[in-house]
Each structure stands twice: as C-alpha cells, then as structure tokens.
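Scroll down for the structure; my scribbles are underneath it.
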Amino acid sequence: MIATIADWLGAGCLVAGALLALAAGVGVLRFPDALSRMHAATKPQVLGVLLLLLGIALRLRSPADLGMILLVAVFQLATAPVAAQMIGRAAYRSGRLDRGLLDADELADRGQGSGSAGPA
Amino acid sequence: MTGSPEPAPDAPGPAVVGRGRIGRWRDQAVALGWLVVVWNLLWGDINWANLVGGLLVGAAVLVFYPLPAVSFGGRLRPWALLVFAGRFAAELVSASLHVARIAVQPGYRPRGAIIAVRLRVPTDLNLALTAEAVSLVPGTLILEVDRDSGTLYLHVMDTHGPGDLDVARDRTLAVERRIIRAVGSTTELRHLDVTSPEKGTRP
C-alpha cells in the first residue's frame, strides 16, 4: 500500500520535474539576453532536478541510493548559482547585454576602473 | 532564538580576532569529516575500508588543495535553520514557477535591472551563503561580488518599475537576516539588530 503511494508520488515528481526542466529550456531559448537566460538556467532548472531526484528516491528507496541522491542534490544547489554567476559576470564584463532592457545599472555607477576587486 | 546569553567578545567584521590555531584545526577537522562523509556516500556504503580511504583522500585534498581559511565563528541554531530552510524551499518553488511562467508566456519580453545591495555582515561566509541563496530565490541573480565592501550586485528579473527594485533589495536583506539568525555569531546577530532600521543602503 505504502509502496504504491510512494510509486505514484514518485511518478508525479518525475513528471513535474521534467515539465520544469522543459520550461527552463524554453526560457533559455526565448529570453532576450544572457542575464535573463541565466535566471531560467538556475531556478526552474534546479527545482526540476530536485524534483526528479525526489521522484527517483521515492521509487528506489534503498539507503545507498538515497545517500547518492542527497549528495547530487546538495552539489546541485551549491554549484548552480556559482556557474550562473560566472556566466553572468562574463556576459556583463564583455558587454553582452541589452541595455535597452535594463531599468537601472548600479554596477556601472560604481565605475569600471575597480572592475576586479577581490579574487572571487 | 535570539538573545542567547553567550559572551562573544570577538570584534564584528571580517576578521574574527581571538581564534588562533585551535579554531583553524577545528575548521580543518570539520572539512575532513565532511569529505569523509561525501566519500562514503559516493561509494554508497559505510564500512571500515571506505572510512579509511575517505580519511586518506580527504587529507590529501586538504593538503594539496588548501583553501583560504573561512572561519566559522557562529553557532548553529536548529530552529532558525529550519525557518531558513523552509522559507528557502518555498521561495525556490515560487521563483521557479514565476520564471517558468514568463518563459512560456507568448510575446512577453521581461525587463531587468542591476542593483547593488550592501550586506550588513560582510564576512566571507555570509557573503557566500547569501549569494548562493539569493541566486535561487525569486527574481535575483548574483552578477558580481565586491568582497571589500561586502556588496552584492544582483540582476533582478521581470521588473516593472523602481518599486520592484526596493522589493528585491529588501528581500535580499531578509535572506541575509535569516542566514545570520541560523548560523551567525551572537555579535553578528546584534550587529544585524542595530543596523536593521536603515534598510536597503545604497553604496
């Protein structure tokens, strides 16, 4: 009984995760500039992967697999924003952004001279 | 949660004074423990061989790829950690649905803005944690980090006017507050309470 419920919940998670990943892909394709695209590549994508992992966990249910899945989730959460930041920063520094779409730019107000502060 | 009677004489700010070699050894031990856990999870099995192997690999990683010391001067507060995790999960879901919705909305071109948010507790750890969390909550993405002044530069998506920028700024500071409440030191907490009235400071 419980196994059936877990299986169906897992299936639901898999479908929802796949849909979110699809929406993320559509966003990456459709958004007007690189910075907006990185939004699509972080939020729905990360939640999509987490839902897929949850779905898999609900169907596998063995401790070894759960450990691995947890690890994947943690690293996904930790690395996706870093990757997005690196791409966003590169896009900004190389000027590949549509200024017509920006309401404000307080990074430009800071002055380009001190562009590389800190070894981040 | 707040106001725990712990004497914390260390100075606020990036340099945590008064923690010498012991603190550094403790940080290394925590890192080693984490690496051993990861190693065992990767093998999918916890046994003596994996524990010893994990210790060896972890020690090698720490020796050959040393990282700049990120000292953890705070303390874990389970309840605040739970609050942070819960809010984070809720905001991750709403952010994802929001971005997914405008992704599939026909003929919609979202506008954006880049804002600067100066954090109130400019430690490396807080900067990193806040930057990570903020990237995954609604509407914001880290673009640049100014480590010296503790300022995050964020790209805000789908803005409709200046009001949205203030909302994003407040939301970022709220994330910071929840992180400090969960893992910050008592000094940082007090610092947060002192400076919270003047929110959204521009550099």
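Residue names in the structure tokens use chain letters A, B, ... in the order shown, residue numbers from 1 in each chain, and ligand numbers from 1 in the order shown.
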For the contact check between chain A and chain B, emit one row per residue of chain A within 6 Å, containing the shortest atom pair and the distance in Å rounded to one decimal, counting only C-alpha atoms, chain then rising number order, as a tab-separated table.
residue	atom	partner	partner_atom	distance
A:Ala23	CA	B:Ala100	CA	5.1
A:Gly27	CA	B:Ala103	CA	4.3
A:Lys43	CA	B:Ser96	CA	4.9
A:Pro44	CA	B:Ser96	CA	4.1
A:Ala64	CA	B:Gly44	CA	4.4
A:Gly67	CA	B:Leu41	CA	5.3
A:Met68	CA	B:Leu41	CA	5.7
A:Pro81	CA	B:Ser135	CA	5.6
A:Gln85	CA	B:Leu143	CA	5.4
A:Gly88	CA	B:Leu143	CA	5.6
A:Arg89	CA	B:Leu143	CA	5.2
A:Leu101	CA	B:Arg111	CA	5.0
A:Leu102	CA	B:Ala113	CA	4.7
A:Asp103	CA	B:Ala113	CA	4.9
A:Ala104	CA	B:Ala113	CA	4.8
A:Asp105	CA	B:Ile114	CA	4.5
A:Glu106	CA	B:Ile115	CA	5.1
A:Gly118	CA	B:Arg147	CA	5.8
Please return as a PyMOL selection string: the residues of region 1-114 of chain A that backbone DSSP assigns to helix (DSSP H, G or I). chain A and resi 2-30+34-60+63-93+99-101+106-109
Pairwise distance for CA of Val63 (chain B) and CA of Gly23 (chain B), rounded to one decimal in Å: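 Interatomic distance, CA of Val63 (chain B) to CA of Gly23 (chain B): 17.3 Å.
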If you count only C-alpha atoms, which residues fall within 9 Å of Ile179 (chain B), apart from same-chain ones fewer than 2 positions away, as a VMD selection string? chain B and resid 80 to 81 84 126 129 to 130 174 to 177 181 to 184
Export N, CA, C and O atoms of the chosen residues as a compact mmCIF listing (two decimals), in the first residue's frame?
# COMPACT_ATOMS: atom_id res chain seq x y z
N ALA B 80 16.16 28.28 13.83
CA ALA B 80 16.36 29.30 12.80
C ALA B 80 16.80 28.67 11.49
O ALA B 80 16.44 29.13 10.40
N LEU B 81 17.57 27.58 11.60
CA LEU B 81 17.99 26.85 10.41
C LEU B 81 16.79 26.28 9.69
O LEU B 81 16.69 26.32 8.46
N PHE B 84 14.95 29.04 7.97
CA PHE B 84 15.64 29.39 6.73
C PHE B 84 15.37 28.36 5.64
O PHE B 84 15.03 28.72 4.51
N ASN B 126 29.27 34.74 5.16
CA ASN B 126 27.94 35.30 4.97
C ASN B 126 27.74 35.75 3.52
O ASN B 126 26.69 35.52 2.93
N LEU B 129 27.20 32.51 1.43
CA LEU B 129 25.91 31.87 1.68
C LEU B 129 24.78 32.72 1.13
O LEU B 129 23.86 32.21 0.48
N THR B 130 24.82 34.02 1.39
CA THR B 130 23.75 34.88 0.90
C THR B 130 23.73 34.89 -0.62
O THR B 130 22.65 34.82 -1.23
N ALA B 174 16.48 40.33 3.76
CA ALA B 174 15.75 39.37 4.59
C ALA B 174 16.42 38.00 4.54
O ALA B 174 16.51 37.30 5.55
N VAL B 175 16.89 37.62 3.35
CA VAL B 175 17.62 36.35 3.24
C VAL B 175 18.86 36.39 4.12
O VAL B 175 19.17 35.45 4.86
N GLU B 176 19.57 37.52 4.06
CA GLU B 176 20.77 37.64 4.89
C GLU B 176 20.41 37.50 6.37
O GLU B 176 21.10 36.82 7.12
N ARG B 177 19.31 38.15 6.76
CA ARG B 177 18.93 38.09 8.17
C ARG B 177 18.64 36.65 8.59
O ARG B 177 19.08 36.21 9.65
N ARG B 181 20.66 34.59 11.38
CA ARG B 181 19.95 34.01 12.52
C ARG B 181 20.22 32.52 12.63
O ARG B 181 20.22 31.97 13.73
N ALA B 182 20.44 31.86 11.50
CA ALA B 182 20.63 30.41 11.53
C ALA B 182 22.05 30.04 11.91
O ALA B 182 22.27 29.13 12.70
N VAL B 183 23.05 30.73 11.35
CA VAL B 183 24.43 30.28 11.56
C VAL B 183 25.36 31.38 12.07
O VAL B 183 26.54 31.12 12.26
N GLY B 184 24.88 32.59 12.25
CA GLY B 184 25.77 33.68 12.62
C GLY B 184 26.17 33.63 14.09
O GLY B 184 25.58 32.91 14.88
Within 12 Å of Arg93 (chain A) using only C-alpha atoms, minus same-chain residues under 2 positions, as a list in words: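 Surrounding residues, per the criterion: Ala34, Leu35, Gln85, Met86, Ile87, Gly88, Arg89, Ala90, Ala91, Gly95, Arg96, Leu97, Leu107, Ala108, Gln112, Gly113, Gly115 and Ser116 of chain A; Leu143 and Glu144 of chain B.
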Can you list, as an NGL selection string, every residue of chain A that DSSP puts in strand (DSSP E or B)? :A and (102-105)
Between CA of Asp33 (chain A) and CA of Asp98 (chain A), what distance in Å does the model show, to one decimal?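 Between CA of Asp33 (chain A) and CA of Asp98 (chain A) the gap works out to 6.3 Å.
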Tell me which of A:Val46, A:Met38, A:Pro32, A:Val72 sits closest to Arg99 (chain A), counting only C-alpha atoms.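 Residue with the minimum atom-to-atom distance to Arg99 (chain A): A:Pro32.
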Between CA of Ala73 (chain A) and CA of Arg77 (chain B), distance in Å (one decimal): 22.7 Å
